[in-house]
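Chemist: Quick one: the structure is below, and I'll ask about it shortly.
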Amino acid sequence: MKLDIILAGVGGQGILSIAKVIGDAALEAGLYLKQSEVHGMSQRGGDVQSHLRISDKEIYSDLIPHGTADLILSVEPMEALRYLPYLSPKGYIVTNTKPYNNIVNYPEVEAIFAEIKKQPRHLMLDADAMAHELKNPRGMNMVMTGAASKYMDLDYALIEKSIKAIFGRKGEAVVASNLATLKAGRDFADAQ
Amino acid sequence: MNDKKKLLLGDEAIAQAGIDAGISGFYGYPGTPSTEIMEYVQRDSVAKERGIHSLWSANEKTAAEAALGMSYAGKRTMSTMKHVGLNVAMDSFVNSGITGANGGIIVTVADDPSMHSSQDEQDSRILGDFTMIPMLEPSSQQEAYDMVFHGFELSEKYKTPIMLRLTTRLAHSRAGIAQRPILAENEGSLPEDKRQFVLLPGIARKRYKMLIESQKLFLEESEKSPFNSYTDGADKSLGIIACGLAYNYLMENFQDGGCPYPVVKLTQYPAPTGMIKKLVENTEKVLVLEEGMPMIERSLRGMLDRDVKVLGRMSGELPRDGELNPMLVRKSLNMDVVLGADIPETVVKGRPPAFCMGCGHIDAYNGINQVIKDQYGDGHVFGDIGCYTLAALPPFESINSCVDMGASITMAKGAADAGLFPAVGIIGDSTFTHSGMTGLLDAVSENTNMVIFILDNSTTGMTGGQDSKAFGKVQQLVAGLGVDPDHIRTIIALKKNHEEFVKIIQEEVDYNGVSVIIPTRECVQTMMRRNKSKLKK
């Protein structure tokens with residue numbers, strides 16, 4: 001099995017917390033993992049990406065080769081399109097629809113959506129709104145993780161388990177709230 | 001499969017290896033992509049318990065020298081820096097090749113090909129080669145870990161510093177690491193020869209001859225190194241030399257069944273000429289894959305470039321600049337490349353980094369622009385290296401230079417000497433103590449007509465908020481260097497102080513001499529982290 005995921009977003013949106021949840025689940029399943037991150041200048045509101053590679057065989061490259069990613073998981077719609085050259089012809093795009101508008105020439109949102117819809121396999125959701133509805137305004141990342149989990153060859157229970165481990169220190173209420181946002185994302189994907 | 005492995009960044013693997021291999025002190029200055037090495041040691045409970053030194057140094061030169069001092073005293077040590085930091089440490093680094101070591105010493109340098117967070121993409125291997133010391137260039141996180149042990153063995157066997165060179169992708173990528181049994185730290189011991197480190201000409205000449213003599217021993221080590229290998233392949237139409245991380249990009253393209261061509265994996269230098277000779281003699285042409293500048297490629301070509309048919313960055317099979325990736329390596333092998341869809345350029349815009357919301361630099365630049373740019377025009381402001389360099393971009397477009405650490409002050413001085421008025425320099429607090437103080441002293445001693453802004457955010461911001469040596473003492477340092485106290489002006493960088501700030505700037509522009517204005521306010525990122533950790537307690 002191999003699962004290559006491009007995580008995309010804007011510096012400060014916390015894509016590494018998604019990488020952590022999925023990565024821990026993969027390790028729990030006894031799989032190999034490599035995860036490249038962006039540190040430094042771009043973390044100040046620039047575009048950031050993380051290449052998350054999971055496999056049952058040893059992994060060589062830290063970077064996902066172009067045209068082979070199984071999934072682009074983006075927490076921002078314009079950023080979902082930045083990594084299309086990496087996506088395999090059979091790959092999925094799962095993206096948040098809430099724009100992060102910190103540049104003067106941010107394009108029309110409808111034009112971005114139209115481009116995403118041109119891709120054969122895509123799932124769009126307003127993860128910020130869903131997290132708000134569940135009274136977990138910072139739970140957007142977990143909604144996205146839940147939605148994307150449908151397209152990952154990873155046991156959903158293992159993802160839940162890693163959330164329990166990661167947020168365990170913060171108390172049961174925080175764990176429960178994050179599990180609920182994860183589930184909301186997954187339910188949305190299942191309903192499509 | 002990955003039982004008991006620890007998931008670590010390449011940087012962290014090096015830090016963990018150092019702790020496990022009995023290091024007594026790490027020294028460094030923050031710089032992407034090397035910063036996380038020191039940060040890991042600072043957090044590590046074993047390192048704390050053992051009292052391993054891990055506080056930041058004022059700059060890379062002081063770090064490299066302190067590490068050399070620890071080696072002199074017989075203990076294992078490592079200095080860490082980014083590639084351009086090695087330029088700052090160069091004086092000490094080159095001469096440490098000649099002094100040699102006592103306790104094991106590794107100089108870890110993280111290069112940044114493609115300039116993700118840097119001013120250039122120089123290849124530190126060339127400087128290690130220049131210094132004539134052995135170098136290690138890991139192809140994976142596990143190798144980075146193992147090479148620290150190997151590096152200390154070599155360093156103590158030959159009494160020489162070792163360079164460990166890595167690049168951004170390895171530094172900032174995580175993988176599972178298998179740890180080794182822990183080695184005890186060295187007991188302190190003085191060098192046998194008490195003049196070993198005295199580079200008076202008479203001694204330096206002798207030591208330099210010894211270094212030259214050592215070259216053949218270093219080469220023998222490379223030929224038998226567990227990190228270099230010659231793997232034969234059936235197809236002799238091509239031979240491949242894969243250096244460091246490039247080895248992984250090569251193997252990524254041959255997941256099933258292995259590479260059909262003979263391959264030299266080169267991760268310990270000096271380059272193993274025996275292996276390379278065998279490759280050249282047994283293949284029709286040689287492709288060189290290097291993450292960085294074409295160092296091996298160029299030496300293989302030689303000045304006349306006619307004895308060996310070489311492919312690589314210089315002949316166009318690979319781009320001349322920028323980092324490699326699996327796709328570029330695949331192309332160089334003439335294998336099919338299937339790209340995903342094109343980026344729809346009309347709706348995907350550049351998203352450069354920007355100041356954080358509420359950043360004090362915004363208030364500083366609003367004042368500076370109003371007085372300097374609006375009145376005297378664009379072209380008067382010398383910038384430096386840190387978050388505040390972002391003011392080169394819209395909407396501020398305030399600064400006209402960013403060259404190297406500390407160059408704001410000295411370039412402003414040179415321009416003032418040339419008659420530029422006003423001549424303005426802008427530098428951060430940590431960059432000021434790194435390399436700005438000596439330049440300010442030059443200006444003070446000539447009472448140059450210039451205005452220097454030290455944007456004091458009480459931290460080393462761009463690299464993620466490390467402690468600043470200048471913390472709480474910028475004003476004192478400036479006064480100590482001899483700036484007239486009447487022309488050291490401090491102000492809190494806030495919107496409500498804008499009018500007062502503008503007035504101060506105008507007064508100091510009008511003053512004929514050295515003025516230092518210090519807009520002060522804590523970095524918002526550091527403040528948020530501080531408040532968060534307070535809440536936890």
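Each chain of the structure tokens is named A, B, ... in the order shown, its residues numbered from 1; ligands are numbered from 1 in display order.
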Would you tabulate, counting only C-alpha atoms, all residues of chain A that have an atom at most 9 Å from an atom of chain B, showing the closest pair of atoms and their distance in Å to one decimal, sorted by chain then ascending number, as a Markdown table?
Modeler:
| residue | atom | partner | partner_atom | distance |
| --- | --- | --- | --- | --- |
| A:Val10 | CA | B:Arg351 | CA | 8.4 |
| A:Gly11 | CA | B:Pro353 | CA | 8.1 |
| A:Leu27 | CA | B:Asn2 | CA | 7.6 |
| A:Gly30 | CA | B:Asn2 | CA | 6.1 |
| A:Leu31 | CA | B:Asn2 | CA | 6.8 |
| A:Tyr32 | CA | B:Asn2 | CA | 6.5 |
| A:Leu33 | CA | B:Ala175 | CA | 5.9 |
| A:Lys34 | CA | B:Ala175 | CA | 4.8 |
| A:Gln35 | CA | B:Arg174 | CA | 4.9 |
| A:Ser36 | CA | B:Ser173 | CA | 3.7 |
| A:Glu37 | CA | B:His172 | CA | 5.5 |
| A:Val38 | CA | B:His172 | CA | 6.9 |
| A:His39 | CA | B:His172 | CA | 7.1 |
| A:Gly40 | CA | B:Thr463 | CA | 5.7 |
| A:Met41 | CA | B:Ser117 | CA | 5.6 |
| A:Ser42 | CA | B:Pro353 | CA | 5.2 |
| A:Gln43 | CA | B:Pro353 | CA | 7.1 |
| A:Arg44 | CA | B:Pro353 | CA | 5.0 |
| A:Gly45 | CA | B:Pro353 | CA | 4.9 |
| A:Gly46 | CA | B:Pro353 | CA | 4.0 |
| A:Asp47 | CA | B:Arg351 | CA | 5.7 |
| A:Ser50 | CA | B:Ser173 | CA | 9.0 |
| A:His51 | CA | B:Ser173 | CA | 8.7 |
| A:Asp56 | CA | B:Met1 | CA | 8.2 |
| A:Lys57 | CA | B:Met1 | CA | 8.8 |
| A:Ile59 | CA | B:Glu252 | CA | 7.7 |
| A:Tyr60 | CA | B:Asn248 | CA | 4.9 |
| A:Ser61 | CA | B:Asn248 | CA | 5.1 |
| A:Asp62 | CA | B:Ser173 | CA | 6.6 |
| A:Leu63 | CA | B:Asn325 | CA | 6.9 |
| A:Ile64 | CA | B:Pro326 | CA | 7.7 |
| A:Pro65 | CA | B:Pro326 | CA | 5.4 |
| A:His66 | CA | B:Leu339 | CA | 5.5 |
| A:Gly67 | CA | B:Leu339 | CA | 4.3 |
| A:Thr68 | CA | B:Gly340 | CA | 7.6 |
| A:Ala69 | CA | B:Gly340 | CA | 8.8 |
| A:Met78 | CA | B:Val348 | CA | 6.0 |
| A:Glu79 | CA | B:Val348 | CA | 7.5 |
| A:Leu81 | CA | B:Ile343 | CA | 6.2 |
| A:Arg82 | CA | B:Ile343 | CA | 5.9 |
| A:Tyr83 | CA | B:Ile343 | CA | 7.1 |
| A:Leu84 | CA | B:Ala341 | CA | 5.3 |
| A:Pro85 | CA | B:Gly340 | CA | 3.9 |
| A:Tyr86 | CA | B:Gly340 | CA | 5.4 |
| A:Leu87 | CA | B:Gly340 | CA | 5.0 |
| A:Ser88 | CA | B:Gly340 | CA | 5.7 |
| A:Pro89 | CA | B:Gly340 | CA | 6.3 |
| A:Asn102 | CA | B:Arg351 | CA | 8.0 |
| A:Ile103 | CA | B:Arg351 | CA | 6.6 |
| A:Asn105 | CA | B:Lys349 | CA | 7.3 |
| A:Tyr106 | CA | B:Lys349 | CA | 6.9 |
| A:Pro107 | CA | B:Val347 | CA | 5.6 |
| A:Glu108 | CA | B:Val347 | CA | 7.8 |
| A:Val109 | CA | B:Val347 | CA | 8.8 |
| A:Ala111 | CA | B:Val347 | CA | 6.8 |
| A:Ile112 | CA | B:Val347 | CA | 5.9 |
| A:Glu115 | CA | B:Pro344 | CA | 7.3 |
| A:Gln119 | CA | B:Ala341 | CA | 8.6 |
Chemist: Just want the 12 Å neighbourhood of Ala165 (chain A), counted on only C-alpha atoms, with same-chain residues fewer than 4 positions away dropped. Output as a list of chain:residue names.
Modeler: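 Skipping anything fewer than 4 positions along the chain leaves A:Lys20, A:Val21, A:Asp24, A:Ala25, A:Glu28, A:Leu158, A:Ile159, A:Glu160, A:Lys161, A:Arg169, A:Lys170, A:Gly171, A:Glu172, A:Val174, A:Val175, A:Ala176, A:Asn178, A:Leu179.
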Chemist: The selected residues should be written to file as a short mmCIF file (atom, residue, chain, number, x, y, z; two decimals), in the first residue's frame (atoms: C-alpha atoms).
Modeler:
data_model
loop_
_atom_site.label_atom_id
_atom_site.label_comp_id
_atom_site.auth_asym_id
_atom_site.auth_seq_id
_atom_site.Cartn_x
_atom_site.Cartn_y
_atom_site.Cartn_z
CA LYS A 20 0.47 14.80 12.82
CA VAL A 21 -2.95 13.13 13.17
CA ASP A 24 0.48 8.96 13.96
CA ALA A 25 -2.33 6.78 12.63
CA GLU A 28 0.18 2.93 14.67
CA LEU A 158 -6.71 4.65 14.01
CA ILE A 159 -7.27 8.31 13.12
CA GLU A 160 -9.64 8.60 16.09
CA LYS A 161 -7.03 6.96 18.25
CA ARG A 169 -3.52 16.14 27.68
CA LYS A 170 -6.09 18.87 27.10
CA GLY A 171 -8.91 16.89 28.68
CA GLU A 172 -11.86 14.82 27.59
CA VAL A 174 -11.32 18.77 23.86
CA VAL A 175 -10.93 15.17 22.65
CA ALA A 176 -14.70 14.76 22.28
CA ASN A 178 -12.25 17.10 17.95
CA LEU A 179 -13.71 13.64 17.39
#
Chemist: Please, which residues of region 120-170 of chain A, numbered as in this document, come out strand (DSSP E) from DSSP, as a ChimeraX atom specification?
Modeler: /A:122-125
Chemist: With distances taken over only C-alpha atoms, which residue among A:Ala157, A:Ile6, A:Ala129, A:Met140 lies nearest Leu71 (chain A)?
Modeler: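 Distance minimum relative to Leu71 (chain A) lands on A:Ile6.
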Chemist: Looking at only C-alpha atoms, which of A:Lys150, A:Lys135, A:Lys90, A:Lys2 is the one that sits closest to Leu123 (chain A)?
Modeler: A:Lys150
Chemist: Grab the CA of Arg306 (chain B) to CA of Glu291 (chain B) distance for me, in Å with one decimal place.
Modeler: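 Atom-to-atom, CA of Arg306 (chain B) to CA of Glu291 (chain B), that is 24.0 Å.
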Chemist: Just want the 10 Å neighbourhood of Met142 (chain A), counted on only C-alpha atoms, with same-chain residues fewer than 5 positions away dropped. Output as a list in words.
Modeler: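 Neighbouring residues, sequence-local ones excluded: Ser17, Ile18, Val21, Ala127, Ala131, Asn136, Ala147, Ala148, Ile163, Ser177, Asn178, Leu179, Ala180, Thr181, Leu182, Lys183, Ala184, Gly185 and Arg186 of chain A.
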Chemist: Go ahead and write the selection's residues with N, CA and C atoms as a PDB file, in the first residue's frame.
Modeler:
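Generated output (part_10.pdb):
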ATOM      1  N   SER A  17      -0.799  20.109  11.890  1.00  0.00           N
ATOM      2  CA  SER A  17      -1.586  19.350  12.864  1.00  0.00           C
ATOM      3  C   SER A  17      -2.335  18.219  12.160  1.00  0.00           C
ATOM      4  N   ILE A  18      -2.719  18.446  10.899  1.00  0.00           N
ATOM      5  CA  ILE A  18      -3.347  17.368  10.112  1.00  0.00           C
ATOM      6  C   ILE A  18      -2.319  16.270   9.851  1.00  0.00           C
ATOM      7  N   VAL A  21      -1.863  14.083  12.898  1.00  0.00           N
ATOM      8  CA  VAL A  21      -2.951  13.135  13.167  1.00  0.00           C
ATOM      9  C   VAL A  21      -2.883  11.936  12.205  1.00  0.00           C
ATOM     10  N   ALA A 127     -15.396  23.911   5.666  1.00  0.00           N
ATOM     11  CA  ALA A 127     -15.008  23.272   6.929  1.00  0.00           C
ATOM     12  C   ALA A 127     -15.016  24.278   8.079  1.00  0.00           C
ATOM     13  N   ALA A 131     -17.137  23.649  11.454  1.00  0.00           N
ATOM     14  CA  ALA A 131     -16.486  23.658  12.767  1.00  0.00           C
ATOM     15  C   ALA A 131     -17.171  24.665  13.688  1.00  0.00           C
ATOM     16  N   ASN A 136     -16.647  24.558  17.667  1.00  0.00           N
ATOM     17  CA  ASN A 136     -15.208  24.294  17.768  1.00  0.00           C
ATOM     18  C   ASN A 136     -14.528  25.096  16.660  1.00  0.00           C
ATOM     19  N   ALA A 147     -13.084  14.513   6.404  1.00  0.00           N
ATOM     20  CA  ALA A 147     -13.586  14.420   5.027  1.00  0.00           C
ATOM     21  C   ALA A 147     -12.598  13.652   4.157  1.00  0.00           C
ATOM     22  N   ALA A 148     -11.316  13.957   4.313  1.00  0.00           N
ATOM     23  CA  ALA A 148     -10.297  13.314   3.471  1.00  0.00           C
ATOM     24  C   ALA A 148     -10.113  11.847   3.843  1.00  0.00           C
ATOM     25  N   ILE A 163      -6.120  11.115  17.485  1.00  0.00           N
ATOM     26  CA  ILE A 163      -6.696  12.350  18.056  1.00  0.00           C
ATOM     27  C   ILE A 163      -6.775  12.231  19.579  1.00  0.00           C
ATOM     28  N   SER A 177     -14.714  17.008  21.385  1.00  0.00           N
ATOM     29  CA  SER A 177     -15.021  18.042  20.410  1.00  0.00           C
ATOM     30  C   SER A 177     -14.277  17.796  19.089  1.00  0.00           C
ATOM     31  N   ASN A 178     -13.026  17.368  19.170  1.00  0.00           N
ATOM     32  CA  ASN A 178     -12.255  17.099  17.953  1.00  0.00           C
ATOM     33  C   ASN A 178     -12.738  15.844  17.242  1.00  0.00           C
ATOM     34  N   LEU A 179     -13.157  14.853  18.016  1.00  0.00           N
ATOM     35  CA  LEU A 179     -13.710  13.644  17.394  1.00  0.00           C
ATOM     36  C   LEU A 179     -15.013  13.978  16.667  1.00  0.00           C
ATOM     37  N   ALA A 180     -15.801  14.899  17.262  1.00  0.00           N
ATOM     38  CA  ALA A 180     -17.073  15.284  16.639  1.00  0.00           C
ATOM     39  C   ALA A 180     -16.843  16.023  15.321  1.00  0.00           C
ATOM     40  N   THR A 181     -15.843  16.902  15.306  1.00  0.00           N
ATOM     41  CA  THR A 181     -15.556  17.630  14.057  1.00  0.00           C
ATOM     42  C   THR A 181     -15.017  16.670  12.997  1.00  0.00           C
ATOM     43  N   LEU A 182     -14.180  15.732  13.430  1.00  0.00           N
ATOM     44  CA  LEU A 182     -13.657  14.710  12.503  1.00  0.00           C
ATOM     45  C   LEU A 182     -14.822  13.944  11.865  1.00  0.00           C
ATOM     46  N   LYS A 183     -15.757  13.546  12.722  1.00  0.00           N
ATOM     47  CA  LYS A 183     -16.909  12.755  12.270  1.00  0.00           C
ATOM     48  C   LYS A 183     -17.777  13.568  11.300  1.00  0.00           C
ATOM     49  N   ALA A 184     -17.952  14.857  11.622  1.00  0.00           N
ATOM     50  CA  ALA A 184     -18.766  15.718  10.752  1.00  0.00           C
ATOM     51  C   ALA A 184     -18.173  15.760   9.351  1.00  0.00           C
ATOM     52  N   GLY A 185     -16.867  15.863   9.275  1.00  0.00           N
ATOM     53  CA  GLY A 185     -16.192  15.880   7.980  1.00  0.00           C
ATOM     54  C   GLY A 185     -16.396  14.565   7.249  1.00  0.00           C
ATOM     55  N   ARG A 186     -16.217  13.471   7.984  1.00  0.00           N
ATOM     56  CA  ARG A 186     -16.357  12.146   7.366  1.00  0.00           C
ATOM     57  C   ARG A 186     -17.798  11.914   6.888  1.00  0.00           C
TER      58      ARG A 186
END
Chemist: Just the residues within 7 Å of Asn228 (chain B), please, counting only C-alpha atoms, with nothing from its chain fewer than 6 positions along; format it as a list in words.
Modeler: Ser222, Lys265, Leu266, Thr267 and Gln268 of chain B
Chemist: Just C-alpha atoms for this one: save the residues we selected as a PDB file, in the first residue's frame.
Modeler:
ATOM      1  CA  SER B 222      36.076   7.432   1.818  1.00  0.00           C
ATOM      2  CA  LYS B 265      26.512   6.450  -3.961  1.00  0.00           C
ATOM      3  CA  LEU B 266      28.631   9.326  -2.721  1.00  0.00           C
ATOM      4  CA  THR B 267      27.895  10.511   0.795  1.00  0.00           C
ATOM      5  CA  GLN B 268      31.374  10.740   2.302  1.00  0.00           C
TER       6      GLN B 268
END
Chemist: Would you pick out the contacts of region 485-497 of chain B at 9 Å or less, using only C-alpha atoms, so that residues sharing its chain but fewer than 2 positions from it are not included, and give the list as a PyMOL selection string?
Modeler: chain B and resi 360-364+366+455+475+478-479+482-483+499-502+504+508+511+513-521
Chemist: Produce a file of the selected residues containing N, CA and C atoms, as a PDB file, in the first residue's frame.
Modeler:
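What follows is the written file selection.pdb:
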ATOM      1  N   GLY B 360       4.650  44.867  15.189  1.00  0.00           N
ATOM      2  CA  GLY B 360       5.227  46.179  15.467  1.00  0.00           C
ATOM      3  C   GLY B 360       5.994  46.769  14.291  1.00  0.00           C
ATOM      4  N   HIS B 361       6.516  45.896  13.416  1.00  0.00           N
ATOM      5  CA  HIS B 361       7.251  46.394  12.245  1.00  0.00           C
ATOM      6  C   HIS B 361       6.339  47.237  11.339  1.00  0.00           C
ATOM      7  N   ILE B 362       5.042  46.905  11.332  1.00  0.00           N
ATOM      8  CA  ILE B 362       4.099  47.659  10.493  1.00  0.00           C
ATOM      9  C   ILE B 362       4.074  49.117  10.952  1.00  0.00           C
ATOM     10  N   ASP B 363       3.993  49.309  12.264  1.00  0.00           N
ATOM     11  CA  ASP B 363       3.979  50.679  12.799  1.00  0.00           C
ATOM     12  C   ASP B 363       5.305  51.383  12.524  1.00  0.00           C
ATOM     13  N   ALA B 364       6.397  50.632  12.643  1.00  0.00           N
ATOM     14  CA  ALA B 364       7.707  51.226  12.381  1.00  0.00           C
ATOM     15  C   ALA B 364       7.795  51.706  10.930  1.00  0.00           C
ATOM     16  N   ASN B 366       5.374  52.371   8.814  1.00  0.00           N
ATOM     17  CA  ASN B 366       4.454  53.465   8.505  1.00  0.00           C
ATOM     18  C   ASN B 366       5.110  54.809   8.821  1.00  0.00           C
ATOM     19  N   LEU B 455      15.016  47.799  15.016  1.00  0.00           N
ATOM     20  CA  LEU B 455      13.651  47.367  15.301  1.00  0.00           C
ATOM     21  C   LEU B 455      13.724  46.268  16.361  1.00  0.00           C
ATOM     22  N   GLN B 475      19.643  49.520  24.001  1.00  0.00           N
ATOM     23  CA  GLN B 475      20.005  50.912  24.274  1.00  0.00           C
ATOM     24  C   GLN B 475      21.395  51.011  24.912  1.00  0.00           C
ATOM     25  N   VAL B 478      24.140  50.286  22.378  1.00  0.00           N
ATOM     26  CA  VAL B 478      24.329  51.405  21.457  1.00  0.00           C
ATOM     27  C   VAL B 478      25.093  52.529  22.156  1.00  0.00           C
ATOM     28  N   ALA B 479      24.711  52.806  23.405  1.00  0.00           N
ATOM     29  CA  ALA B 479      25.404  53.846  24.166  1.00  0.00           C
ATOM     30  C   ALA B 479      26.854  53.440  24.401  1.00  0.00           C
ATOM     31  N   GLY B 482      29.253  54.237  21.831  1.00  0.00           N
ATOM     32  CA  GLY B 482      29.642  55.638  21.736  1.00  0.00           C
ATOM     33  C   GLY B 482      28.664  56.545  21.016  1.00  0.00           C
ATOM     34  N   VAL B 483      27.446  56.068  20.749  1.00  0.00           N
ATOM     35  CA  VAL B 483      26.451  56.958  20.136  1.00  0.00           C
ATOM     36  C   VAL B 483      26.016  57.974  21.194  1.00  0.00           C
ATOM     37  N   GLU B 499       2.496  59.941  15.537  1.00  0.00           N
ATOM     38  CA  GLU B 499       2.890  61.346  15.354  1.00  0.00           C
ATOM     39  C   GLU B 499       4.211  61.639  16.059  1.00  0.00           C
ATOM     40  N   GLU B 500       4.362  61.126  17.266  1.00  0.00           N
ATOM     41  CA  GLU B 500       5.594  61.344  18.025  1.00  0.00           C
ATOM     42  C   GLU B 500       6.779  60.684  17.316  1.00  0.00           C
ATOM     43  N   PHE B 501       6.533  59.480  16.782  1.00  0.00           N
ATOM     44  CA  PHE B 501       7.565  58.723  16.076  1.00  0.00           C
ATOM     45  C   PHE B 501       8.055  59.509  14.850  1.00  0.00           C
ATOM     46  N   VAL B 502       7.095  60.046  14.086  1.00  0.00           N
ATOM     47  CA  VAL B 502       7.423  60.824  12.889  1.00  0.00           C
ATOM     48  C   VAL B 502       8.271  62.043  13.267  1.00  0.00           C
ATOM     49  N   ILE B 504      10.230  62.359  15.881  1.00  0.00           N
ATOM     50  CA  ILE B 504      11.572  61.889  16.266  1.00  0.00           C
ATOM     51  C   ILE B 504      12.415  61.610  15.020  1.00  0.00           C
ATOM     52  N   GLU B 508      15.965  63.472  13.924  1.00  0.00           N
ATOM     53  CA  GLU B 508      17.230  62.750  13.777  1.00  0.00           C
ATOM     54  C   GLU B 508      17.763  62.822  12.340  1.00  0.00           C
ATOM     55  N   TYR B 511      19.591  66.003  12.290  1.00  0.00           N
ATOM     56  CA  TYR B 511      20.837  66.035  13.070  1.00  0.00           C
ATOM     57  C   TYR B 511      21.992  65.522  12.220  1.00  0.00           C
ATOM     58  N   GLY B 513      24.954  63.651  12.181  1.00  0.00           N
ATOM     59  CA  GLY B 513      25.779  62.704  12.938  1.00  0.00           C
ATOM     60  C   GLY B 513      25.066  61.363  13.012  1.00  0.00           C
ATOM     61  N   VAL B 514      25.557  60.489  13.885  1.00  0.00           N
ATOM     62  CA  VAL B 514      24.951  59.155  14.000  1.00  0.00           C
ATOM     63  C   VAL B 514      23.749  59.201  14.940  1.00  0.00           C
ATOM     64  N   SER B 515      22.594  58.829  14.434  1.00  0.00           N
ATOM     65  CA  SER B 515      21.401  58.707  15.273  1.00  0.00           C
ATOM     66  C   SER B 515      20.955  57.255  15.285  1.00  0.00           C
ATOM     67  N   VAL B 516      20.489  56.813  16.429  1.00  0.00           N
ATOM     68  CA  VAL B 516      19.911  55.473  16.502  1.00  0.00           C
ATOM     69  C   VAL B 516      18.507  55.584  17.090  1.00  0.00           C
ATOM     70  N   ILE B 517      17.524  55.136  16.314  1.00  0.00           N
ATOM     71  CA  ILE B 517      16.132  55.152  16.778  1.00  0.00           C
ATOM     72  C   ILE B 517      15.711  53.703  17.021  1.00  0.00           C
ATOM     73  N   ILE B 518      15.136  53.460  18.183  1.00  0.00           N
ATOM     74  CA  ILE B 518      14.800  52.080  18.554  1.00  0.00           C
ATOM     75  C   ILE B 518      13.291  51.930  18.774  1.00  0.00           C
ATOM     76  N   PRO B 519      12.544  51.602  17.702  1.00  0.00           N
ATOM     77  CA  PRO B 519      11.129  51.291  17.888  1.00  0.00           C
ATOM     78  C   PRO B 519      11.022  49.907  18.545  1.00  0.00           C
ATOM     79  N   THR B 520      10.327  49.842  19.656  1.00  0.00           N
ATOM     80  CA  THR B 520      10.319  48.623  20.454  1.00  0.00           C
ATOM     81  C   THR B 520       8.909  48.067  20.619  1.00  0.00           C
ATOM     82  N   ARG B 521       8.721  46.822  20.383  1.00  0.00           N
ATOM     83  CA  ARG B 521       7.513  46.104  20.802  1.00  0.00           C
ATOM     84  C   ARG B 521       7.717  44.628  20.547  1.00  0.00           C
TER      85      ARG B 521
END
Chemist: Just asking: which residues within region 330-519 of chain B are helix (DSSP H, G or I) according to DSSP, as an MDAnalysis selection string?
Modeler: chainID B and resid 330:332 360:376 387:392 407:417 429:446 474:480 485:487 495:510
Chemist: Find the distance between CA of Arg165 (chain B) and CA of Ala204 (chain B) and write it in Å to one decimal.
Modeler: 26.5 Å
Chemist: Find, counting only C-alpha atoms, the residue in A:Ala29, A:Val104, A:Met1, A:Leu125 that gets nearest to Val143 (chain A).
Modeler: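 Going through A:Ala29, A:Val104, A:Met1, A:Leu125 one by one, the smallest distance to Val143 (chain A) is for A:Leu125.
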Chemist: Taking only C-alpha atoms into account, name the residue in A:Val75, A:Phe167, A:Tyr156, A:Asn101 that is nearest to Asp126 (chain A).
Modeler: A:Val75
